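Enquirer: Pasting upload_10.pdb here (PDB, C-alpha atoms):
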ATOM      1  CA  MET Z   1      79.203  11.455   5.822
ATOM      2  CA  ASN Z   2      80.688   9.213   3.184
ATOM      3  CA  LYS Z   3      78.471   9.614   0.113
ATOM      4  CA  SER Z   4      79.656   6.289  -1.278
ATOM      5  CA  THR Z   5      78.158   4.637   1.799
ATOM      6  CA  LEU Z   6      74.996   6.680   1.268
ATOM      7  CA  LYS Z   7      74.747   5.531  -2.354
ATOM      8  CA  ASP Z   8      75.267   1.914  -1.238
ATOM      9  CA  ARG Z   9      72.449   2.333   1.298
ATOM     10  CA  LEU Z  10      70.111   3.728  -1.375
ATOM     11  CA  ILE Z  11      70.942   0.784  -3.642
ATOM     12  CA  GLU Z  12      70.238  -1.604  -0.749
ATOM     13  CA  ILE Z  13      66.894   0.100  -0.079
ATOM     14  CA  GLN Z  14      65.911  -0.142  -3.736
ATOM     15  CA  LYS Z  15      66.943  -3.787  -3.975
ATOM     16  CA  ASN Z  16      64.721  -4.486  -0.952
ATOM     17  CA  VAL Z  17      61.824  -2.722  -2.689
ATOM     18  CA  ILE Z  18      62.367  -4.920  -5.752
ATOM     19  CA  TYR Z  19      62.543  -8.052  -3.585
ATOM     20  CA  GLU Z  20      59.287  -7.156  -1.798
ATOM     21  CA  ILE Z  21      57.477  -6.489  -5.075
ATOM     22  CA  ASN Z  22      58.708  -9.829  -6.439
ATOM     23  CA  GLU Z  23      57.386 -11.566  -3.323
ATOM     24  CA  LYS Z  24      53.991  -9.913  -3.820
ATOM     25  CA  ILE Z  25      53.961 -11.020  -7.457
ATOM     26  CA  ILE Z  26      54.674 -14.616  -6.422
ATOM     27  CA  THR Z  27      51.910 -14.530  -3.803
ATOM     28  CA  THR Z  28      49.431 -12.921  -6.166
ATOM     29  CA  HIS Z  29      50.324 -15.346  -8.949
ATOM     30  CA  SER Z  30      49.545 -18.269  -6.659
ATOM     31  CA  MET Z  31      46.038 -16.831  -6.277
ATOM     32  CA  VAL Z  32      45.633 -16.675 -10.067
ATOM     33  CA  ASP Z  33      46.060 -20.412 -10.487
ATOM     34  CA  VAL Z  34      42.708 -22.144 -10.146
ATOM     35  CA  ASP Z  35      42.784 -25.912  -9.709
ATOM     36  CA  GLU Z  36      40.719 -27.064 -12.674
ATOM     37  CA  SER Z  37      40.049 -30.446 -11.059
ATOM     38  CA  ASP Z  38      38.079 -28.674  -8.309
ATOM     39  CA  THR Z  39      34.599 -27.357  -8.720
ATOM     40  CA  ILE Z  40      34.877 -23.839 -10.105
ATOM     41  CA  ASP Z  41      32.151 -21.301  -9.564
ATOM     42  CA  SER Z  42      31.753 -17.731 -10.798
ATOM     43  CA  GLU Z  43      33.247 -16.364  -7.572
ATOM     44  CA  ASP Z  44      36.470 -18.344  -8.169
ATOM     45  CA  LEU Z  45      36.718 -16.898 -11.666
ATOM     46  CA  SER Z  46      36.044 -13.403 -10.359
ATOM     47  CA  HIS Z  47      38.853 -13.726  -7.808
ATOM     48  CA  GLN Z  48      41.125 -15.115 -10.498
ATOM     49  CA  THR Z  49      40.475 -12.095 -12.723
ATOM     50  CA  GLU Z  50      41.034  -9.712  -9.820
ATOM     51  CA  SER Z  51      44.293 -11.442  -8.905
ATOM     52  CA  MET Z  52      45.495 -11.261 -12.504
ATOM     53  CA  PHE Z  53      44.813  -7.510 -12.522
ATOM     54  CA  ILE Z  54      46.683  -7.047  -9.236
ATOM     55  CA  GLU Z  55      49.609  -9.088 -10.562
ATOM     56  CA  GLN Z  56      49.785  -6.829 -13.620
ATOM     57  CA  LEU Z  57      49.883  -3.762 -11.354
ATOM     58  CA  PHE Z  58      52.742  -5.285  -9.359
ATOM     59  CA  ASN Z  59      54.595  -6.015 -12.608
ATOM     60  CA  VAL Z  60      54.319  -2.328 -13.555
ATOM     61  CA  LYS Z  61      55.635  -1.338 -10.105
ATOM     62  CA  LEU Z  62      58.472  -3.854 -10.482
ATOM     63  CA  LYS Z  63      59.517  -2.421 -13.851
ATOM     64  CA  LYS Z  64      59.564   1.112 -12.378
ATOM     65  CA  ALA Z  65      61.571  -0.045  -9.344
ATOM     66  CA  GLU Z  66      64.112  -1.776 -11.608
ATOM     67  CA  ASN Z  67      64.382   1.363 -13.768
ATOM     68  CA  ASP Z  68      64.872   3.469 -10.627
ATOM     69  CA  LEU Z  69      67.724   1.172  -9.574
ATOM     70  CA  GLN Z  70      69.401   1.585 -12.962
ATOM     71  CA  LEU Z  71      69.056   5.372 -12.724
ATOM     72  CA  LEU Z  72      70.456   5.322  -9.193
ATOM     73  CA  HIS Z  73      73.610   3.590 -10.424
ATOM     74  CA  LYS Z  74      74.110   6.389 -12.975
ATOM     75  CA  ILE Z  75      73.861   9.315 -10.536
ATOM     76  CA  ASN Z  76      77.119  11.088  -9.761
ATOM     77  CA  PHE Z  77      77.445  11.354  -5.965
ATOM     78  CA  ASP Z  78      80.567  13.531  -5.990
ATOM     79  CA  VAL Z  79      80.599  16.641  -3.776
ATOM     80  CA  LYS Z  80      78.063  19.235  -4.957
ATOM     81  CA  THR Z  81      77.830  23.001  -4.484
ATOM     82  CA  LYS Z  82      74.225  23.364  -5.645
ATOM     83  CA  VAL Z  83      71.069  21.265  -5.399
ATOM     84  CA  GLU Z  84      71.157  18.670  -8.162
ATOM     85  CA  PRO Z  85      70.953  14.880  -8.422
ATOM     86  CA  GLY Z  86      73.477  13.306  -6.072
ATOM     87  CA  ALA Z  87      73.439  16.243  -3.636
ATOM     88  CA  LEU Z  88      72.955  15.771   0.088
ATOM     89  CA  VAL Z  89      71.069  18.874   1.205
ATOM     90  CA  LYS Z  90      70.968  19.813   4.880
ATOM     91  CA  THR Z  91      68.228  22.150   6.057
ATOM     92  CA  GLU Z  92      67.245  23.131   9.578
ATOM     93  CA  MET Z  93      64.504  20.471   9.461
ATOM     94  CA  PHE Z  94      65.695  17.635   7.214
ATOM     95  CA  HIS Z  95      68.567  16.125   5.282
ATOM     96  CA  PHE Z  96      67.506  15.391   1.693
ATOM     97  CA  ILE Z  97      69.372  13.181  -0.741
ATOM     98  CA  VAL Z  98      68.468  13.969  -4.334
ATOM     99  CA  ALA Z  99      68.438  10.556  -5.962
ATOM    100  CA  MET Z 100      65.189   8.623  -5.532
ATOM    101  CA  ALA Z 101      62.151   8.818  -3.314
ATOM    102  CA  THR Z 102      62.549   6.817  -0.112
ATOM    103  CA  VAL Z 103      60.937   6.522   3.241
ATOM    104  CA  PRO Z 104      63.046   8.355   5.834
ATOM    105  CA  PHE Z 105      66.065   6.362   7.029
ATOM    106  CA  ASP Z 106      69.029   6.846   9.344
ATOM    107  CA  LEU Z 107      72.663   6.632   8.336
ATOM    108  CA  ASP Z 108      75.606   7.595  10.547
ATOM    109  CA  GLY Z 109      73.190   9.165  13.016
ATOM    110  CA  ILE Z 110      71.591  11.392  10.375
ATOM    111  CA  HIS Z 111      67.902  11.184   9.481
ATOM    112  CA  ILE Z 112      67.668  11.320   5.661
ATOM    113  CA  ILE Z 113      64.773  11.587   3.228
ATOM    114  CA  GLY Z 114      65.325  10.528  -0.365
ATOM    115  CA  ILE Z 115      63.689  12.646  -3.044
ATOM    116  CA  SER Z 116      63.687  12.203  -6.791
ATOM    117  CA  SER Z 117      64.378  14.878  -9.362
ATOM    118  CA  GLU Z 118      60.708  14.511 -10.324
ATOM    119  CA  SER Z 119      59.363  15.381  -6.869
ATOM    120  CA  PRO Z 120      57.604  18.703  -6.242
ATOM    121  CA  ILE Z 121      60.020  19.692  -3.473
ATOM    122  CA  TYR Z 122      62.975  19.219  -5.803
ATOM    123  CA  THR Z 123      61.401  21.709  -8.207
ATOM    124  CA  GLU Z 124      61.484  24.289  -5.401
ATOM    125  CA  MET Z 125      65.128  23.682  -4.418
ATOM    126  CA  LYS Z 126      66.726  22.810  -7.768
ATOM    127  CA  GLY Z 127      69.875  24.817  -8.460
ATOM    128  CA  LEU Z 128      69.930  26.565  -5.073
ATOM    129  CA  GLU Z 129      73.155  26.956  -3.107
ATOM    130  CA  LYS Z 130      74.156  27.035   0.552
ATOM    131  CA  GLY Z 131      72.428  29.879   2.408
ATOM    132  CA  GLU Z 132      69.504  30.151  -0.014
ATOM    133  CA  SER Z 133      65.919  29.441   1.011
ATOM    134  CA  PHE Z 134      62.862  27.842  -0.561
ATOM    135  CA  ASN Z 135      59.245  27.241   0.397
ATOM    136  CA  PHE Z 136      57.306  24.024   0.173
ATOM    137  CA  THR Z 137      53.850  23.239   1.591
ATOM    138  CA  ASP Z 138      53.722  26.480   3.539
ATOM    139  CA  LYS Z 139      57.076  25.812   5.216
ATOM    140  CA  SER Z 140      60.283  27.732   4.677
ATOM    141  CA  TYR Z 141      63.605  25.895   4.446
ATOM    142  CA  THR Z 142      67.101  27.334   4.463
ATOM    143  CA  ILE Z 143      69.912  25.303   2.954
ATOM    144  CA  LEU Z 144      72.582  25.031   5.624
ATOM    145  CA  GLU Z 145      74.943  22.742   3.743
ATOM    146  CA  ILE Z 146      75.264  20.899   0.447
ATOM    147  CA  ASN Z 147      77.530  17.934  -0.023
TER     148      ASN Z 147
END
Please express the file's structure as structure tokens.
Expert:
Amino acid sequence: MNKSTLKDRLIEIQKNVIYEINEKIITTHSMVDVDESDTIDSEDLSHQTESMFIEQLFNVKLKKAENDLQLLHKINFDVKTKVEPGALVKTEMFHFIVAMATVPFDLDGIHIIGISSESPIYTEMKGLEKGESFNFTDKSYTILEIN
């Protein structure tokens, strides 16, 4: 698998996440605006406050997603011999890409799960090499290949 293509796919995924969060912010913001020429009751104000809170939460998520994209651009995706950021780790159950957390996706016929260097499973596999094993959530994994 071409890791440059894999990196491009991760960037595409993250840009889609950012786009979706922006869309949610726009939708939520439209709920914040109360037409002052209409009759306003306490329920309208309550919904406005709730929408403002939700919009703030989306803004926090957006900032994190943008930071994750910046970090993704900085990861070195060259060939690896141990588990570290930028490594594609093949086990008997999954292919993991150490870069950022993603929902599982397919690329070149391979089912891949993105994990971040902050994820609990990464802690268990960090620094391991081909042929070594680790345990996570009562399951044992053997590293078959690292790229």
Enquirer: From the set Z:Thr123, Z:Thr142, Z:Thr28, Z:Ser116, which residue has the shortest atom-to-atom contact distance to Val103 in chain Z, counting only C-alpha atoms?
Expert: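 So, comparing all the options, the nearest one is Z:Ser116.
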Enquirer: I'd like the neighbourhood of Ser133 in chain Z as a tab-separated table (two decimals) with C-alpha atoms, in the frame of the given file, where a residue qualifies if any of its atoms comes within 10 Å (using only C-alpha atoms), though same-chain residues fewer than 5 positions away should be ignored.
Expert:
chain	number	residue	atom	x	y	z
Z	91	THR	CA	68.23	22.15	6.06
Z	124	GLU	CA	61.48	24.29	-5.40
Z	125	MET	CA	65.13	23.68	-4.42
Z	128	LEU	CA	69.93	26.56	-5.07
Z	140	SER	CA	60.28	27.73	4.68
Z	141	TYR	CA	63.60	25.90	4.45
Z	142	THR	CA	67.10	27.33	4.46
Z	143	ILE	CA	69.91	25.30	2.95
Z	144	LEU	CA	72.58	25.03	5.62
Enquirer: What residues come out when you apply the PyMOL selection byres ((chain Z and resi 83) around 6) to this file, written as a PyMOL selection string?
Expert: chain Z and resi 82+84+87+126-128
Enquirer: Evaluate the PyMOL selection byres ((chain Z and resi 147) around 7) here and jot the selected residues down as a PyMOL selection string.
Expert: chain Z and resi 79-81+87-89+145-146
Enquirer: Apply the PyMOL selection byres ((chain Z and resi 101) around 9) to the file shown and report the selected residues as a list in words.
Expert: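 With the PyMOL selection byres ((chain Z and resi 101) around 9) on this model, the match is Ile97, Val98, Ala99, Met100, Thr102, Val103, Ile113, Gly114, Ile115, Ser116, Ser117 and Ser119 of chain Z.
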Enquirer: Go ahead and write the residues just picked, C-alpha atoms, as an mmCIF file, keeping the file's coordinate frame.
Expert:
data_model
loop_
_atom_site.group_PDB
_atom_site.id
_atom_site.type_symbol
_atom_site.label_atom_id
_atom_site.label_comp_id
_atom_site.auth_asym_id
_atom_site.auth_seq_id
_atom_site.Cartn_x
_atom_site.Cartn_y
_atom_site.Cartn_z
ATOM 1 C CA ILE Z 97 69.372 13.181 -0.741
ATOM 2 C CA VAL Z 98 68.468 13.969 -4.334
ATOM 3 C CA ALA Z 99 68.438 10.556 -5.962
ATOM 4 C CA MET Z 100 65.189 8.623 -5.532
ATOM 5 C CA THR Z 102 62.549 6.817 -0.112
ATOM 6 C CA VAL Z 103 60.937 6.522 3.241
ATOM 7 C CA ILE Z 113 64.773 11.587 3.228
ATOM 8 C CA GLY Z 114 65.325 10.528 -0.365
ATOM 9 C CA ILE Z 115 63.689 12.646 -3.044
ATOM 10 C CA SER Z 116 63.687 12.203 -6.791
ATOM 11 C CA SER Z 117 64.378 14.878 -9.362
ATOM 12 C CA SER Z 119 59.363 15.381 -6.869
#
Enquirer: Which one of Z:Thr49, Z:Ala65, Z:Leu6, Z:Tyr122 sits closest to Glu20 in chain Z if you count all atoms listed in the file?
Expert: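 Using all atoms listed in the file, the shortest distance to Glu20 in chain Z belongs to Z:Ala65.
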